[in-house]
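The block underneath contains the structure these notes are about, expressed in structure tokens.
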Amino acid sequence: MQCEMRLIPYFMDEMMVDANEIPKGVDLIQTPSMWKNGYKGKGMTIAILDTGCDVNHPDLTGRIKGTRNFTDDDNGEGDNVTDYSGHGTHVAGTIAASENGDGVIGVAPLADLLIIKVLAGRRGSGKYDWIVNGILYAIEQKVDIISMSLGGPADYQPLHEAVQKAVDANILVVCAAGNEGDSNSSTDEFSYPACYNEVISVGAIDLQRNSSYFTNSNNEVDLVAPGEKILSTIPGEKYAKLSGTSMSAPHVSGALALIKEFEQAAFDRPLSESEVYAQLIKRTVPLGFPKTLEGNGLLFLTAPDLLREHLRNIPLAQIG
């Protein structure tokens with residue numbers, strides 16, 4: 001492949017040395033209600049295909065169960081996932097930063113992370129085959145979810161086949177929709193692998209639930225999640241607020257760990273990829289933007305409870 005795979009571009013809004021809060025994006029998708037009921041992602045493994053991770057960040061202590069490097073950084077050393085960009089560490093914190101009374105907390109604070117480095121250098125670029133190798137490795141490791149905040153301009157058959165193989169293995173594949181949006185919902189901006197039908201493609205909104213001006217629009221967008229001024233971990237025991245669909249995708253990856261944990265307890269059996277996807281879509285609320293921008297709407301983990309409450313308050317005669 002001549003084309004390069006790259007980080008979904010992102011914007012640094014603010015850097016800080018310390019933090020002590022539930023990030024607003026984590027709160028906005030109603031995560032604390034799942035925690036209250038005892039669902040924090042325990043027993044779920046999420047593979048993060050990104051720029052690596054600062055495995056020594058105090059908020060990620062105990063969360064990382066394995067590392068693998070498929071790039072040529074650090075002479076291609078297999079287990080070295082040093083994050084020269086900061087992007088992968090930020091994604092990891094949104095997904096699963098520990099509940100340790102300090103710093104930030106991720107959506108699924110008891111989930112395990114498999115850090116797979118597929119993008120190199122400060123710019124976070126890589127070969128399509130690095131991504132393919134990363135997906136195949138995640139399948140081998142029998143992860144539950146693959147999270148990718150990356151994209152490229154070209155369709156590449158081996159990449160599509162790797163994604164299909166993951167879904168066939170009942171792995172949920174989540175990807176940022178991309179930041180090439182032009183604020184016009186009727187024009188399509190495609191990024192791969194996000195626009196493969198098998199992928200859960202995540203667009204961005206801001207913390208006031210407005211559609212983000214940069215979010216890609218196309219008919220493969222499945223849902224949206226917070227993607228502006230998202231507070232999370234960065235290398236060197238620090239924190240930063242970043243913006244981009246890169247920040248939206250990990251909210252969904254973490255939420256899927258909670259949903260899968262919850263639903264498998266309810267059904268008392270393992271669920272297929274399509275069953276968990278259906279449960280995810282049940283937990284969305286439309287925001288009123290075109291489908292090409294928001295898909296099924298905003299990830300909102302308490303949506304089924306709201307619907308039950310609403311139906312309870314409608315007189316039976318009206319329902320009939």
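As shown in the structure tokens, the chain order sets the letters A, B, ...; within each chain, residues go from 1, and ligands are also counted from 1 in the order they appear.
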TODO: Taking the DSSP assignment computed from this structure's backbone, write out as a list in words all residues of range 8-125 of chain A that belong to strand (DSSP E).
DONE: Phe11, Met12, Asp13, Glu14, Met15, Met16, Asn20, Glu21, Thr45, Ile46, Ala47, Ile48, Leu49, Asp50, Ile64, Lys65, Gly66, Thr67, Arg68, Asn69, Gly103, Val104, Asp112, Leu113, Leu114, Ile115, Ile116, Lys117 and Ser125 of chain A
- [ ] Looking only at helix (DSSP H, G or I) from DSSP on the backbone, list the matching residues of range 114-287 of chain A as a VMD selection string.
- [x] chain A and resid 128 to 140 157 to 168 245 to 267 273 to 282
Taking C-alpha atoms for each residue, export the selection above as a short mmCIF file (atom, residue, chain, number, x, y, z; two decimals), in the first residue's frame.
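What follows is the written file part25.cif:
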data_model
loop_
_atom_site.label_atom_id
_atom_site.label_comp_id
_atom_site.auth_asym_id
_atom_site.auth_seq_id
_atom_site.Cartn_x
_atom_site.Cartn_y
_atom_site.Cartn_z
CA TYR A 128 -1.83 -0.40 6.55
CA ASP A 129 -0.21 -3.78 7.19
CA TRP A 130 0.73 -2.74 10.74
CA ILE A 131 -2.98 -2.22 11.43
CA VAL A 132 -3.86 -5.55 9.81
CA ASN A 133 -1.22 -7.31 11.95
CA GLY A 134 -2.56 -5.57 15.05
CA ILE A 135 -6.13 -6.72 14.37
CA LEU A 136 -5.03 -10.30 13.71
CA TYR A 137 -3.01 -10.28 16.94
CA ALA A 138 -6.04 -8.99 18.90
CA ILE A 139 -8.13 -11.84 17.44
CA GLU A 140 -5.48 -14.37 18.53
CA GLN A 157 -8.82 -5.48 1.07
CA PRO A 158 -6.58 -7.19 3.69
CA LEU A 159 -7.73 -4.57 6.24
CA HIS A 160 -11.39 -5.23 5.45
CA GLU A 161 -10.80 -8.99 5.68
CA ALA A 162 -9.10 -8.61 9.09
CA VAL A 163 -12.07 -6.58 10.39
CA GLN A 164 -14.50 -9.23 9.08
CA LYS A 165 -12.44 -11.96 10.73
CA ALA A 166 -12.63 -10.09 14.05
CA VAL A 167 -16.40 -9.69 13.84
CA ASP A 168 -16.75 -13.38 12.89
CA THR A 245 -13.52 11.81 16.84
CA SER A 246 -10.44 10.03 18.25
CA MET A 247 -11.81 10.98 21.65
CA SER A 248 -15.37 9.84 20.84
CA ALA A 249 -14.53 6.26 19.85
CA PRO A 250 -13.01 5.24 23.23
CA HIS A 251 -16.20 6.30 25.04
CA VAL A 252 -18.05 3.72 22.96
CA SER A 253 -15.34 1.06 23.38
CA GLY A 254 -15.49 1.42 27.16
CA ALA A 255 -19.30 1.47 27.15
CA LEU A 256 -19.40 -1.78 25.16
CA ALA A 257 -17.40 -3.46 27.94
CA LEU A 258 -20.07 -2.39 30.45
CA ILE A 259 -22.94 -3.40 28.16
CA LYS A 260 -21.43 -6.79 27.41
CA GLU A 261 -20.74 -7.46 31.09
CA PHE A 262 -24.31 -6.42 32.00
CA GLU A 263 -26.07 -8.33 29.22
CA GLN A 264 -24.07 -11.54 29.67
CA ALA A 265 -25.10 -11.53 33.32
CA ALA A 266 -28.73 -10.95 32.30
CA PHE A 267 -28.78 -13.60 29.54
CA GLU A 273 -21.21 -9.50 18.28
CA SER A 274 -24.53 -8.59 16.65
CA GLU A 275 -26.43 -9.09 19.92
CA VAL A 276 -24.10 -6.74 21.81
CA TYR A 277 -24.30 -4.23 18.93
CA ALA A 278 -28.11 -4.31 19.20
CA GLN A 279 -27.85 -3.62 22.93
CA LEU A 280 -25.53 -0.67 22.19
CA ILE A 281 -27.98 0.86 19.71
CA LYS A 282 -30.77 0.45 22.29
#
Task: Spatial neighbours of Gly62 in chain A, 12 Å, only C-alpha atoms, chain gap at least 4 places, as a list of chain:residue names - done: A:Val55, A:Asn56, A:His57, A:Pro58, A:Gly66, A:Ala96, A:Ala97, A:Ser98, A:Glu99, A:Asn100, A:Pro109, A:Leu110, A:Ala111, A:Asp112, A:Leu113, A:Leu114
Task: Option closest in space to Arg63 in chain A, from A:Gly43, A:Glu21, A:Leu301, A:Ala194 [counting only C-alpha atoms] - done: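 Of all the options, A:Gly43 lies closest to Arg63 in chain A.
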Open item on the list: When you look at Ala204 in chain A with a cut-off of 6 Å (counting only C-alpha atoms), what residues show up, excluding the ones that are within fewer than 4 positions of it in the same chain? I need them as a VMD selection string.
Closed with: chain A and resid 212 215 224 to 227 245 248
Saved selection, atoms kept: N, CA and C atoms, as a PDB file, in the first residue's frame:
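Result saved to result_29.pdb:
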ATOM      1  N   SER A 212     -20.145  18.126  16.269  1.00  0.00           N
ATOM      2  CA  SER A 212     -18.828  18.752  16.102  1.00  0.00           C
ATOM      3  C   SER A 212     -18.604  19.113  14.643  1.00  0.00           C
ATOM      4  N   THR A 215     -16.596  16.504  12.472  1.00  0.00           N
ATOM      5  CA  THR A 215     -16.956  15.079  12.413  1.00  0.00           C
ATOM      6  C   THR A 215     -17.380  14.676  10.996  1.00  0.00           C
ATOM      7  N   VAL A 224     -22.915   8.697  17.949  1.00  0.00           N
ATOM      8  CA  VAL A 224     -21.967   9.746  18.330  1.00  0.00           C
ATOM      9  C   VAL A 224     -21.713   9.688  19.838  1.00  0.00           C
ATOM     10  N   ALA A 225     -20.568  10.246  20.230  1.00  0.00           N
ATOM     11  CA  ALA A 225     -20.182  10.312  21.643  1.00  0.00           C
ATOM     12  C   ALA A 225     -19.365  11.587  21.828  1.00  0.00           C
ATOM     13  N   PRO A 226     -19.149  11.999  23.078  1.00  0.00           N
ATOM     14  CA  PRO A 226     -18.399  13.242  23.320  1.00  0.00           C
ATOM     15  C   PRO A 226     -17.000  13.208  22.703  1.00  0.00           C
ATOM     16  N   GLY A 227     -16.643  14.301  22.011  1.00  0.00           N
ATOM     17  CA  GLY A 227     -15.343  14.340  21.343  1.00  0.00           C
ATOM     18  C   GLY A 227     -14.669  15.702  21.381  1.00  0.00           C
ATOM     19  N   THR A 245     -12.753  13.062  16.750  1.00  0.00           N
ATOM     20  CA  THR A 245     -13.524  11.806  16.835  1.00  0.00           C
ATOM     21  C   THR A 245     -12.679  10.711  17.481  1.00  0.00           C
ATOM     22  N   SER A 248     -14.014  10.391  20.764  1.00  0.00           N
ATOM     23  CA  SER A 248     -15.375   9.838  20.840  1.00  0.00           C
ATOM     24  C   SER A 248     -15.351   8.313  20.871  1.00  0.00           C
TER      25      SER A 248
END
TODO: For each of A:Ile234, A:Leu207, A:Ile115, A:Met5, take the minimum atom-to-atom distance to Gly152 in chain A, counting only C-alpha atoms, then give the residue where this is smallest.
DONE: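 Distance minimum relative to Gly152 in chain A lands on A:Met5.
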- [ ] Find, counting only C-alpha atoms, the residue in A:Gly297, A:Pro153, A:Gly106, A:Pro304 that gets nearest to Leu60 in chain A.
- [x]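 Result for the nearest residue to Leu60 in chain A: A:Gly106.
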TODO: For range 178-186 of chain A, work out the shell of residues within 9 Å, counting only C-alpha atoms and skipping chain neighbours fewer than 3 positions away, then give it as a PyMOL selection string.
DONE: chain A and resi 8-10+149-151+175+189-192+194+201-204+211-218+244-246+289-293
TODO: For Glu237 in chain A, work out the shell of residues within 12 Å, counting only C-alpha atoms and skipping chain neighbours fewer than 2 positions away, then give it as a ChimeraX atom specification.
DONE: /A:15-19,53-61,86,89-90,93,102-104,232-235,239-240
Give me a file of those residues, with C-alpha atoms, as a compact mmCIF listing (two decimals), in the first residue's frame.
# COMPACT_ATOMS: atom_id res chain seq x y z
CA MET A 15 -2.60 20.39 29.26
CA MET A 16 -2.54 19.99 33.03
CA VAL A 17 -0.34 18.34 35.62
CA ASP A 18 -3.09 16.96 37.82
CA ALA A 19 -6.80 16.21 37.79
CA CYS A 53 0.73 3.93 25.80
CA ASP A 54 2.55 5.21 28.87
CA VAL A 55 2.16 1.94 30.77
CA ASN A 56 3.51 3.59 33.93
CA HIS A 57 0.84 6.28 34.16
CA PRO A 58 -0.60 5.98 37.70
CA ASP A 59 -4.19 6.04 36.40
CA LEU A 60 -3.50 2.99 34.23
CA THR A 61 -1.78 0.90 36.90
CA GLY A 86 0.42 10.94 23.63
CA THR A 89 -2.35 7.09 26.33
CA HIS A 90 -5.25 9.56 26.13
CA GLY A 93 -7.48 6.69 29.95
CA ASP A 102 -7.12 10.61 42.01
CA GLY A 103 -6.63 11.75 38.42
CA VAL A 104 -9.43 10.70 36.06
CA SER A 232 -7.79 12.09 29.97
CA THR A 233 -4.30 10.76 30.64
CA ILE A 234 -1.16 11.64 28.65
CA PRO A 235 2.43 10.42 29.11
CA TYR A 239 -3.51 15.03 31.78
CA ALA A 240 -4.86 16.93 28.80
- [ ] Please provide the set of residues having any atom within 9 Å of Val81 in chain A, restricted to only C-alpha atoms, with same-chain residues fewer than 2 positions apart removed, written as a list of chain:residue names.
- [x] A:Thr51, A:Gly52, A:Cys53, A:Asp54, A:Val55, A:Thr67, A:Arg68, A:Asn69, A:Asp73, A:Asp74, A:Glu77, A:Gly78, A:Asp79, A:Asp83, A:Ile115, A:Ile116, A:Lys117
Task: Residue nearest Ile29 in chain A - candidates A:Tyr84, A:Tyr196, A:Phe300, A:Phe70, atoms counted: only C-alpha atoms - done: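 Residue with the minimum atom-to-atom distance to Ile29 in chain A: A:Phe300.
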Task: Counting only C-alpha atoms, the residue of A:Asp305, A:Asp144, A:Glu294, A:Asp13 that sits nearest Val174 in chain A - done: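 So, comparing all the options, the nearest one is A:Asp144.
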Task: Shortest interatomic distance to Asp50 in chain A - which of A:Leu307, A:Leu28, A:Val91, A:Leu172, counting only C-alpha atoms - done: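 Checking each candidate against Asp50 in chain A, we get A:Val91 as the closest.
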